[in-house]
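Heads up, the thing below is written out as structure tokens.
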Amino acid sequence: MNKIKQTAAFTARNMKVFFKDKGAVIGALMAPLVILLLYILFLHNVLKSTFETNVQGMPTAFDDKLINGYIASFEVSSILAVCCVTVAFVVNMIMVEDRITGVRADINIAPVSKSVVVLGYFLSTAAVTLVVCFITLAAGFSYIAVMGWYISAGNAFLIILDVIIATLFGTAFSSVVVQFLKSRGAINAVSTVVSTVYGFICGAYYPISQFAKGIANAVMCLPGTYFTALLRSHFMSGFYQPFVDAGIPTDSATEILDSLDANVYFFGSQVPTWAMYVVSACSIAVLLGAFILINVVRIKKKKKA
């Protein structure tokens, strides 16, 4: 019970330190919301024009909200897939700052178990990242509701679950990487690279279906892709029946969903949802194992020293 109280207290301390830094809070919140704004202002009409070009020659008696809602769902799922990871890197700067300022050394002197300190950093990163992602999700749901809502209640709850597990992945991933960073410049450089590259290799910024087959199969070997695929599936699968009801043939409706990764394929075979969850759970478990192992080895080395 004492360790639980200490962990809760240290987790709360880290959260207070983060939220006290207004610049960090604004940066973490603004990044996904600015990307959403950029989608709305610059890319929404481009994606809509592409969709309308693809359905030329088909019955056009479907509501404009159907197209707008479909594109909006793609945009919001893209942002969430990325921010669950990139925000975790921003929040994990607390750990690096404590090393730089000497706070970590002071904490290590205190009569507190090292596992409490490590777990406190992890839980605070997960909690703050989850808050930011849920705010982004609320903004995304509001945007989709205005553009065209075709998400069932069941899929809405699954989207919330997807955000939680994607946040756990982002927290575990960033926590492993941050263990090897010892300066502000290093974490800023890593955060910049991750925010730029991760969105492409996980299929968030550009659909995997548009990649060359070799690259698409290679990308499907990366765990981050499956978190994007889960979000895409639950955001966009509800559009299949409305497309068919609007007069689009079933094969064409499936192709439209495939074009923006509502369905994903690995070496020509469609990946079922349960398999995505299995891969996601395994990737989180591996990263957590690596995070624990790194800290156990470090603690043992310090004890020997």
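Quick note on naming: the chains in the structure tokens go A, B, ... in the order shown, residues restart at 1 in each chain, and ligands are numbered from 1 in order of appearance.
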
For Val76 in chain A, please output as a VMD selection string all residues within 12 Å (counting only C-alpha atoms; exclusion window: fewer than 3 positions along the same chain).
-> chain A and resid 32 to 40 44 69 to 73 79 to 83 133 136 to 145 147 159 163 204 to 205 228 231 to 232 234 to 236

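Residues lying within 12 Å of Lys114 in chain A, counting only C-alpha atoms and ignoring same-chain neighbours fewer than 2 positions away, are Lys3, Gln6, Thr7, Phe10, Arg104, Ala105, Ile107, Asn108, Ile109, Ala110, Pro111, Val112, Val116, Val117, Val118, Leu119, Gly120, Tyr121, Ile292, Asn295, Val296, Val297, Arg298, Ile299, Lys300, Lys302 and Lys303 of chain A.
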
Suppose we keep C-alpha atoms; can you now write the selection as a PDB file, in the first residue's frame?
ATOM      1  CA  LYS A   3       4.375   1.785  -2.698  1.00  0.00           C
ATOM      2  CA  GLN A   6       4.189   6.732  -3.363  1.00  0.00           C
ATOM      3  CA  THR A   7       3.611   5.863  -7.027  1.00  0.00           C
ATOM      4  CA  PHE A  10       5.013  10.780  -7.856  1.00  0.00           C
ATOM      5  CA  ARG A 104      16.436  12.876 -10.684  1.00  0.00           C
ATOM      6  CA  ALA A 105      19.605  12.681  -8.569  1.00  0.00           C
ATOM      7  CA  ILE A 107      14.858  11.743  -6.118  1.00  0.00           C
ATOM      8  CA  ASN A 108      17.306   8.826  -6.162  1.00  0.00           C
ATOM      9  CA  ILE A 109      18.617   9.870  -2.732  1.00  0.00           C
ATOM     10  CA  ALA A 110      15.100   9.810  -1.263  1.00  0.00           C
ATOM     11  CA  PRO A 111      13.989   6.618   0.549  1.00  0.00           C
ATOM     12  CA  VAL A 112      11.779   5.605  -2.345  1.00  0.00           C
ATOM     13  CA  VAL A 116       8.165   3.702  -7.887  1.00  0.00           C
ATOM     14  CA  VAL A 117      10.069   6.423  -9.746  1.00  0.00           C
ATOM     15  CA  VAL A 118      10.112   4.521 -13.043  1.00  0.00           C
ATOM     16  CA  LEU A 119       6.417   3.604 -12.820  1.00  0.00           C
ATOM     17  CA  GLY A 120       5.523   7.170 -11.850  1.00  0.00           C
ATOM     18  CA  TYR A 121       7.121   8.560 -14.999  1.00  0.00           C
ATOM     19  CA  ILE A 292      11.352  -2.878 -17.635  1.00  0.00           C
ATOM     20  CA  ASN A 295      15.507  -0.077 -15.920  1.00  0.00           C
ATOM     21  CA  VAL A 296      16.246  -3.340 -14.084  1.00  0.00           C
ATOM     22  CA  VAL A 297      19.724  -3.466 -15.639  1.00  0.00           C
ATOM     23  CA  ARG A 298      20.365   0.177 -14.741  1.00  0.00           C
ATOM     24  CA  ILE A 299      19.234  -0.280 -11.145  1.00  0.00           C
ATOM     25  CA  LYS A 300      21.518  -3.330 -10.759  1.00  0.00           C
ATOM     26  CA  LYS A 302      23.921   1.459  -9.766  1.00  0.00           C
ATOM     27  CA  LYS A 303      23.708  -0.948  -6.822  1.00  0.00           C
TER      28      LYS A 303
END

Show me, as CSV, the residues of range 185-255 of chain A having an atom within 12 Å of range 89-94 of chain A, each with the closest atom pair and its distance in Å, using only C-alpha atoms.
residue,atom,partner,partner_atom,distance
A:Gly185,CA,A:Met93,CA,10.6
A:Ala186,CA,A:Met93,CA,10.3
A:Ile187,CA,A:Met93,CA,7.1
A:Asn188,CA,A:Val90,CA,8.3
A:Ala189,CA,A:Phe89,CA,10.8
A:Val190,CA,A:Phe89,CA,8.4
A:Ser191,CA,A:Phe89,CA,6.0
A:Thr192,CA,A:Phe89,CA,9.6
A:Val193,CA,A:Phe89,CA,10.9
A:Val194,CA,A:Phe89,CA,8.6
A:Ser195,CA,A:Phe89,CA,9.2

Residue contacts of Ile215 in chain A (12 Å, only C-alpha atoms) excluding same-chain residues fewer than 5 positions away, as a PyMOL selection string | chain A and resi 200-203+207-210+220-222+266-267

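The space between CA of Ala290 in chain A and CA of Phe173 in chain A spans 9.4 Å.
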
Which one is closest to Ser283 in chain A: A:Ser237, A:Asn263, A:Thr225, A:Thr86? Count only C-alpha atoms.
->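 When distances to Ser283 in chain A are compared using only C-alpha atoms, the smallest one comes from A:Thr225.
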
Backbone DSSP call of alpha helix (DSSP H) for range 54-283 of chain A, listed as number ranges by chain = A: 54, 64-91, 93-101, 103-109, 114-147, 153-178, 184-201, 213-219, 224-236, 240-245, 250-259, 273-283

Considering only C-alpha atoms, state which residue in the set A:Thr167, A:Asn68, A:Thr11, A:Ser78 is at the smallest distance from Met95 in chain A.
->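 Of the candidates, the smallest distance to Met95 in chain A is held by A:Thr11.
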
Which residue gives the smallest distance to Ala216 in chain A among A:Val178, A:Pro249, A:Gly268, A:Phe134, with only C-alpha atoms counted?
->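 So, comparing all the options, the nearest one is A:Gly268.
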
Of the candidates A:Ala285, A:Ile4, A:Ile67, A:Leu29, which shows the shortest atom-to-atom distance to Tyr150 in chain A, using only C-alpha atoms?
->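 The answer is A:Ile67, which sits nearest to Tyr150 in chain A.
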
Ala88 in chain A: which residues within 10 Å, counting only C-alpha atoms, same-chain residues fewer than 6 positions away excluded, as a PyMOL selection string?
-> chain A and resi 28+122+124-130+132-133+167-175+191

Write the residues you've just listed into a file as an mmCIF file, in the first residue's frame, and include C-alpha atoms for each of them.
data_model
loop_
_atom_site.group_PDB
_atom_site.id
_atom_site.type_symbol
_atom_site.label_atom_id
_atom_site.label_comp_id
_atom_site.auth_asym_id
_atom_site.auth_seq_id
_atom_site.Cartn_x
_atom_site.Cartn_y
_atom_site.Cartn_z
ATOM 1 C CA ALA A 28 0.892 19.336 -26.969
ATOM 2 C CA PHE A 122 5.370 5.962 -17.158
ATOM 3 C CA SER A 124 2.101 10.262 -15.764
ATOM 4 C CA THR A 125 3.122 10.173 -19.445
ATOM 5 C CA ALA A 126 0.236 7.827 -20.240
ATOM 6 C CA ALA A 127 -2.278 9.918 -18.271
ATOM 7 C CA VAL A 128 -1.307 13.283 -19.800
ATOM 8 C CA THR A 129 -1.104 11.841 -23.330
ATOM 9 C CA LEU A 130 -4.534 10.296 -22.862
ATOM 10 C CA VAL A 132 -4.603 15.394 -24.859
ATOM 11 C CA CYS A 133 -5.774 12.593 -27.169
ATOM 12 C CA THR A 167 -1.640 5.795 -26.137
ATOM 13 C CA LEU A 168 -0.160 2.844 -24.241
ATOM 14 C CA PHE A 169 1.903 2.010 -27.325
ATOM 15 C CA GLY A 170 3.064 5.627 -27.688
ATOM 16 C CA THR A 171 3.922 5.827 -23.980
ATOM 17 C CA ALA A 172 5.873 2.556 -24.030
ATOM 18 C CA PHE A 173 7.670 3.475 -27.266
ATOM 19 C CA SER A 174 8.651 6.960 -26.097
ATOM 20 C CA SER A 175 9.656 5.687 -22.645
ATOM 21 C CA SER A 191 10.436 14.322 -31.371
#

Nearest to Asn217 in chain A among A:Val264, A:Ile248, A:Leu41, A:Ile256, with distances taken over only C-alpha atoms: which residue is it?
-> A:Val264

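Comparing the minimum interatomic distances between Trp149 in chain A and each of A:Phe239, A:Phe227, A:Tyr206, A:Phe42, counting only C-alpha atoms, we find that A:Phe239 sits nearest.
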